[in-house]
Amino acid sequence: MTLTLAIETSCDDTCAAVLDGERVLSNAIASQGVHDAYGGVVPELAARQHVEAIGPVLADALRTAQVDASDIERVAVTRGPGLVGSLLCGLQTAKAFAAPASLPLVPVDHMHGHLLSGRLADQQPPEDQPHLVLVASGGHTLLARANGPRLADIEILGRTLDDAAGEAIDKGARMLGLGYPGGPALQRLAADGDPAAYAFPRSQKVPGLDFSFSGLKTALLYVVRDLPEGELDARRADLAASYQAAVVATLVLRVKRAIASTGIEHVAIGGGVAASTALRASLAELGCGLSIPDRQYCTDNAAMIGIAALATDPVGYPEHLALDAYGTGQGPVR
Ligand SMILES: Nc1ncnc2c1ncn2[C@@H]1O[C@H](COP(=O)(O)OP(=O)(O)OP(=O)(O)O)[C@@H](O)[C@H]1O
Ligand SMILES: [Mg+2]
């Protein structure tokens, strides 16, 4: 087996992992609390935080995996999409690690990582037949058919027409006075509320396998705006539960349609919203095969980058020194 060091710094989490083949030996993550006060990620601050955190996180990943830096046989790194300043920190670190030992470098697309996260679940997707993948993250919402593990084998069946699921969750949470990121806080608040209290739209009228969340977001905005003075506090848990239920129902409706239209009965999930307890429970009711990874592999992490690297062509040294990051638009999965 090949020992891979994987690095992921596309947004505001500094991540490094060590894998022996597909086996994850360590998965280190340093999250950046610095953005909480701004209600969203500040790109310049994120890049500076990565510069500070990447050394300790890398050392942590090697220590936990109980491997020496000299044992590493290749380096995988997220090349894009993401915040370019953040990506460059990871990419330069990966090159600096790989170059002295002339190690190959595997440039990985961040969404390829999220799409393959199901391989880190206890129940892996079937090797010999296609499966469906739902990725719901902060910047993307995709439904795909995976005919194999390489990016070229993955066919996008549907995507969001407006906001990503995570974006809708974060914006909704903000309207309810919760901090960033909104997902975990919304989930905690929703636990005390009634998911049927408000009938928020589930974009049933959007045909096929594409998603839309903008109507839902606007519906919450109007409900909050029209509440009698001082009523918001009493209604917040019900609003959170109903809003979360509508996001989950919007996602699951497309998964159901995809199962019906393709006949494929195994679904893998990835992306930060896949950490949602409500989504995981709702998918479990479908009765199909499921690959649901541990929550640490749903939000940004380097283990998924190491997994995607196994299905990506490496670039040798010194050619990999010329690799650049891409912010948006250049990745195979937009
Ligand atoms: N338990 C949860 N329930 C619902 N949403 C959650 C939960 N935990 C995290 N999220 C949401 O997941 C999103 C972050 O996911 P992720 O880290 O995969 O996104 P990203 O990397 O910023 O975006 P992308 O991968 O599209 O570039 C946030 O919107 C966050 O609110
Ligand atoms: Mg992500």
# chains A, B, ... in the order shown; residues from 1 in each chain; ligands from 1
>>> select_by_dssp(residues="segment 147-251 of chain A", states="helix (DSSP H, G or I)", output="number ranges by chain")
A: 151-153, 165-175, 182-190, 214-226, 232-251
>>> residues_around(residues="Leu83 of chain A", least_positions_apart="6", cutoff="8 Å", atoms="only C-alpha atoms", output="PyMOL selection string")
chain A and resi 10-11+43+327
>>> closest_residue(among="A:Leu189, A:Ala101, A:Ile305, A:Val206", to="ligand 2", atoms="only C-alpha atoms and all ligand atoms")
A:Ile305
>>> select_by_dssp(residues="segment 18-110 of chain A", states="strand (DSSP E)", output="PyMOL selection string")
chain A and resi 18-20+23-31+74-80+105-109
>>> closest_atom_pairs(of="segment 16-76 of chain A", to="segment 85-100 of chain A", cutoff="7 Å", atoms="only C-alpha atoms", output="JSON lines")
{"residue": "A:Ala46", "atom": "CA", "partner": "A:Ser86", "partner_atom": "CA", "distance": 6.3}
{"residue": "A:Ala47", "atom": "CA", "partner": "A:Ser86", "partner_atom": "CA", "distance": 4.4}
{"residue": "A:His50", "atom": "CA", "partner": "A:Cys89", "partner_atom": "CA", "distance": 6.6}
{"residue": "A:Val51", "atom": "CA", "partner": "A:Cys89", "partner_atom": "CA", "distance": 6.3}
{"residue": "A:Val75", "atom": "CA", "partner": "A:Ala98", "partner_atom": "CA", "distance": 6.4}
>>> write_last_selection(atoms="C-alpha atoms", output="PDB file, in the first residue's frame")
ATOM      1  CA  ALA A  46      -8.556  32.538   6.258  1.00  0.00           C
ATOM      2  CA  ALA A  47      -5.312  32.527   4.234  1.00  0.00           C
ATOM      3  CA  HIS A  50      -3.816  28.605   7.238  1.00  0.00           C
ATOM      4  CA  VAL A  51      -0.213  29.843   7.143  1.00  0.00           C
ATOM      5  CA  VAL A  75       1.383  13.985  -1.370  1.00  0.00           C
TER       6      VAL A  75
END
>>> residues_around(residues="Glu73 of chain A", least_positions_apart="6", cutoff="7 Å", atoms="only C-alpha atoms", output="list in words")
Thr2, Leu3, Thr4 and Leu103 of chain A
>>> write_last_selection(atoms="N, CA, C and O atoms", output="short mmCIF file (atom, residue, chain, number, x, y, z; two decimals), in the first residue's frame")
data_model
loop_
_atom_site.label_atom_id
_atom_site.label_comp_id
_atom_site.auth_asym_id
_atom_site.auth_seq_id
_atom_site.Cartn_x
_atom_site.Cartn_y
_atom_site.Cartn_z
N THR A 2 0.28 2.33 -0.54
CA THR A 2 1.04 3.57 -0.62
C THR A 2 0.67 4.50 0.52
O THR A 2 -0.51 4.73 0.78
N LEU A 3 1.66 5.04 1.21
CA LEU A 3 1.39 5.99 2.29
C LEU A 3 1.23 7.38 1.67
O LEU A 3 2.16 7.91 1.04
N THR A 4 0.03 7.95 1.85
CA THR A 4 -0.26 9.27 1.28
C THR A 4 -0.42 10.30 2.39
O THR A 4 -1.11 10.05 3.38
N LEU A 103 8.99 13.44 -4.38
CA LEU A 103 7.74 12.66 -4.33
C LEU A 103 6.76 13.17 -5.37
O LEU A 103 6.72 14.36 -5.67
#
>>> closest_residue(among="A:Ala53, A:Met1, A:Leu157, A:Ala168", to="ligand 1", atoms="only C-alpha atoms and all ligand atoms")
A:Ala168
>>> residues_near_ligand(ligand="ligand 1", cutoff="8 Å", atoms="only C-alpha atoms and all ligand atoms", output="number ranges by chain")
A: 10-13, 81-82, 110-111, 114, 136-141, 164-170, 180-187, 244, 270-279, 298-300
>>> write_last_selection(atoms="N, CA and C atoms", output="CSV table (one decimal), in the first residue's frame")
chain,number,residue,atom,x,y,z
A,10,SER,N,-9.1,24.5,1.4
A,10,SER,CA,-9.8,25.3,0.4
A,10,SER,C,-10.6,26.4,0.9
A,11,CYS,N,-11.0,26.3,2.2
A,11,CYS,CA,-11.8,27.4,2.8
A,11,CYS,C,-11.3,27.8,4.2
A,12,ASP,N,-12.0,27.4,5.2
A,12,ASP,CA,-11.6,27.9,6.6
A,12,ASP,C,-11.2,26.8,7.5
A,13,ASP,N,-11.0,25.6,7.0
A,13,ASP,CA,-10.5,24.5,7.9
A,13,ASP,C,-9.1,24.1,7.3
A,81,PRO,N,-12.0,23.7,-6.3
A,81,PRO,CA,-12.3,25.2,-6.2
A,81,PRO,C,-12.3,25.6,-4.7
A,82,GLY,N,-12.2,26.9,-4.5
A,82,GLY,CA,-12.1,27.4,-3.1
A,82,GLY,C,-11.6,28.8,-3.1
A,110,HIS,N,-11.6,19.6,-5.0
A,110,HIS,CA,-12.3,19.5,-3.7
A,110,HIS,C,-13.6,18.7,-3.8
A,111,MET,N,-14.4,19.0,-4.9
A,111,MET,CA,-15.7,18.3,-5.0
A,111,MET,C,-15.5,16.8,-5.3
A,114,HIS,N,-15.5,15.4,-1.8
A,114,HIS,CA,-16.9,15.3,-1.3
A,114,HIS,C,-17.6,14.2,-1.9
A,136,ALA,N,-24.0,17.9,-0.5
A,136,ALA,CA,-24.7,19.1,-0.1
A,136,ALA,C,-23.7,19.8,0.8
A,137,SER,N,-23.1,20.9,0.3
A,137,SER,CA,-22.0,21.6,1.1
A,137,SER,C,-22.3,23.1,1.2
A,138,GLY,N,-21.3,23.8,1.6
A,138,GLY,CA,-21.5,25.3,1.8
A,138,GLY,C,-21.6,26.0,0.4
A,139,GLY,N,-21.0,25.5,-0.6
A,139,GLY,CA,-20.9,26.1,-1.9
A,139,GLY,C,-21.6,25.4,-3.0
A,140,HIS,N,-21.9,24.1,-2.8
A,140,HIS,CA,-22.4,23.3,-3.9
A,140,HIS,C,-23.6,22.4,-3.4
A,141,THR,N,-24.5,22.0,-4.3
A,141,THR,CA,-25.5,21.0,-4.1
A,141,THR,C,-25.6,20.2,-5.4
A,164,ALA,N,-26.7,27.1,-2.6
A,164,ALA,CA,-26.3,25.7,-2.1
A,164,ALA,C,-27.1,25.4,-0.8
A,165,ALA,N,-27.3,24.2,-0.5
A,165,ALA,CA,-28.1,23.8,0.7
A,165,ALA,C,-27.4,24.4,1.9
A,166,GLY,N,-26.1,24.3,2.0
A,166,GLY,CA,-25.4,24.8,3.2
A,166,GLY,C,-25.5,26.3,3.3
A,167,GLU,N,-25.5,27.0,2.1
A,167,GLU,CA,-25.7,28.4,2.1
A,167,GLU,C,-27.1,28.8,2.6
A,168,ALA,N,-28.1,28.0,2.2
A,168,ALA,CA,-29.5,28.3,2.6
A,168,ALA,C,-29.6,28.1,4.1
A,169,ILE,N,-28.9,27.1,4.6
A,169,ILE,CA,-28.9,26.8,6.1
A,169,ILE,C,-28.3,27.9,6.8
A,170,ASP,N,-27.1,28.3,6.3
A,170,ASP,CA,-26.4,29.4,7.0
A,170,ASP,C,-27.2,30.7,7.0
A,180,TYR,N,-22.3,31.7,12.8
A,180,TYR,CA,-21.8,31.0,11.6
A,180,TYR,C,-20.8,29.9,12.1
A,181,PRO,N,-20.7,28.7,11.5
A,181,PRO,CA,-21.6,28.2,10.5
A,181,PRO,C,-23.0,27.8,11.1
A,182,GLY,N,-24.0,27.9,10.4
A,182,GLY,CA,-25.4,27.8,10.9
A,182,GLY,C,-25.9,26.4,11.2
A,183,GLY,N,-25.3,25.4,10.4
A,183,GLY,CA,-25.8,24.1,10.4
A,183,GLY,C,-26.0,23.5,11.8
A,184,PRO,N,-24.8,23.4,12.6
A,184,PRO,CA,-24.9,22.7,13.9
A,184,PRO,C,-25.8,23.5,14.8
A,185,ALA,N,-25.8,24.9,14.8
A,185,ALA,CA,-26.6,25.7,15.7
A,185,ALA,C,-28.1,25.5,15.4
A,186,LEU,N,-28.4,25.5,14.1
A,186,LEU,CA,-29.8,25.3,13.6
A,186,LEU,C,-30.3,24.0,14.1
A,187,GLN,N,-29.5,23.0,13.9
A,187,GLN,CA,-29.8,21.6,14.4
A,187,GLN,C,-30.2,21.5,15.9
A,244,GLN,N,-35.4,23.6,8.7
A,244,GLN,CA,-34.5,22.5,8.5
A,244,GLN,C,-35.2,21.3,7.8
A,270,GLY,N,-22.2,13.2,0.9
A,270,GLY,CA,-21.0,13.9,1.4
A,270,GLY,C,-21.3,15.4,1.5
A,271,GLY,N,-20.3,16.2,2.0
A,271,GLY,CA,-20.5,17.6,2.1
A,271,GLY,C,-21.0,17.9,3.5
A,272,GLY,N,-20.8,19.2,4.0
A,272,GLY,CA,-21.1,19.5,5.4
A,272,GLY,C,-22.6,19.3,5.8
A,273,VAL,N,-23.5,19.5,4.9
A,273,VAL,CA,-24.9,19.3,5.2
A,273,VAL,C,-25.2,17.8,5.5
A,274,ALA,N,-24.4,16.9,4.9
A,274,ALA,CA,-24.5,15.5,5.1
A,274,ALA,C,-24.3,15.1,6.6
A,275,ALA,N,-23.8,16.1,7.4
A,275,ALA,CA,-23.6,15.8,8.8
A,275,ALA,C,-24.9,16.0,9.6
A,276,SER,N,-26.0,16.5,8.9
A,276,SER,CA,-27.2,16.8,9.5
A,276,SER,C,-27.9,15.5,10.0
A,277,THR,N,-28.3,15.5,11.2
A,277,THR,CA,-29.0,14.3,11.8
A,277,THR,C,-30.3,14.1,11.1
A,278,ALA,N,-31.0,15.2,10.8
A,278,ALA,CA,-32.4,15.1,10.2
A,278,ALA,C,-32.2,14.5,8.8
A,279,LEU,N,-31.2,14.9,8.0
A,279,LEU,CA,-31.0,14.4,6.7
A,279,LEU,C,-30.7,12.9,6.7
A,298,CYS,N,-17.7,14.5,6.5
A,298,CYS,CA,-18.7,15.2,5.7
A,298,CYS,C,-18.2,16.7,5.5
A,299,THR,N,-18.0,17.4,6.6
A,299,THR,CA,-17.4,18.8,6.5
A,299,THR,C,-16.0,18.6,5.9
A,300,ASP,N,-15.4,19.8,5.6
A,300,ASP,CA,-14.1,19.7,4.9
A,300,ASP,C,-13.1,18.9,5.7
>>> closest_residue(among="A:Ala302, A:Ala284, A:Val34, A:Leu178", to="Asp233 of chain A", atoms="only C-alpha atoms")
A:Leu178
>>> closest_residue(among="A:Pro125, A:Pro293, A:Gly172, A:Gly306", to="Val247 of chain A", atoms="only C-alpha atoms")
A:Gly172
>>> atom_distance(atom1="atom CA of Thr14 of chain A", atom2="atom CA of Val57 of chain A")
7.1 Å
>>> closest_residue(among="A:Tyr317, A:Ala173, A:Leu290, A:Val267", to="Arg145 of chain A", atoms="only C-alpha atoms")
A:Val267
>>> residues_around(residues="Ala121 of chain A", least_positions_apart="5", cutoff="7 Å", atoms="only C-alpha atoms", output="number ranges by chain")
A: 291-294
>>> atom_distance(atom1="atom CA of Val108 of chain A", atom2="atom CA of Asp162 of chain A")
25.5 Å
>>> closest_residue(among="A:Val67, A:Asp192, A:Pro149, A:Leu132", to="Cys288 of chain A", atoms="only C-alpha atoms")
A:Leu132
>>> atom_distance(atom1="atom CA of Glu127 of chain A", atom2="atom CA of Thr262 of chain A")
17.5 Å
>>> residues_around(residues="Asp194 of chain A", least_positions_apart="6", cutoff="10 Å", atoms="only C-alpha atoms", output="PyMOL selection string")
chain A and resi 235+237-242+245
>>> write_last_selection(atoms="N, CA, C and O atoms", output="short mmCIF file (atom, residue, chain, number, x, y, z; two decimals), in the first residue's frame")
data_model
loop_
_atom_site.label_atom_id
_atom_site.label_comp_id
_atom_site.auth_asym_id
_atom_site.auth_seq_id
_atom_site.Cartn_x
_atom_site.Cartn_y
_atom_site.Cartn_z
N ARG A 235 -40.92 31.71 18.88
CA ARG A 235 -41.16 30.91 17.68
C ARG A 235 -39.87 30.34 17.06
O ARG A 235 -39.92 29.60 16.09
N ALA A 237 -37.55 28.10 17.82
CA ALA A 237 -37.31 26.65 17.72
C ALA A 237 -38.21 26.03 16.64
O ALA A 237 -37.76 25.21 15.84
N ASP A 238 -39.49 26.46 16.60
CA ASP A 238 -40.41 25.93 15.57
C ASP A 238 -39.95 26.36 14.18
O ASP A 238 -40.03 25.57 13.22
N LEU A 239 -39.51 27.61 14.06
CA LEU A 239 -39.02 28.09 12.76
C LEU A 239 -37.80 27.29 12.33
O LEU A 239 -37.68 26.88 11.16
N ALA A 240 -36.87 27.06 13.26
CA ALA A 240 -35.65 26.30 12.94
C ALA A 240 -36.00 24.89 12.49
O ALA A 240 -35.49 24.38 11.49
N ALA A 241 -36.90 24.24 13.24
CA ALA A 241 -37.27 22.85 12.92
C ALA A 241 -37.97 22.78 11.56
O ALA A 241 -37.70 21.88 10.76
N SER A 242 -38.87 23.74 11.29
CA SER A 242 -39.63 23.72 10.03
C SER A 242 -38.72 24.04 8.85
O SER A 242 -38.85 23.45 7.76
N ALA A 245 -36.46 21.09 8.21
CA ALA A 245 -37.25 20.01 7.59
C ALA A 245 -37.45 20.29 6.10
O ALA A 245 -37.42 19.36 5.28
#
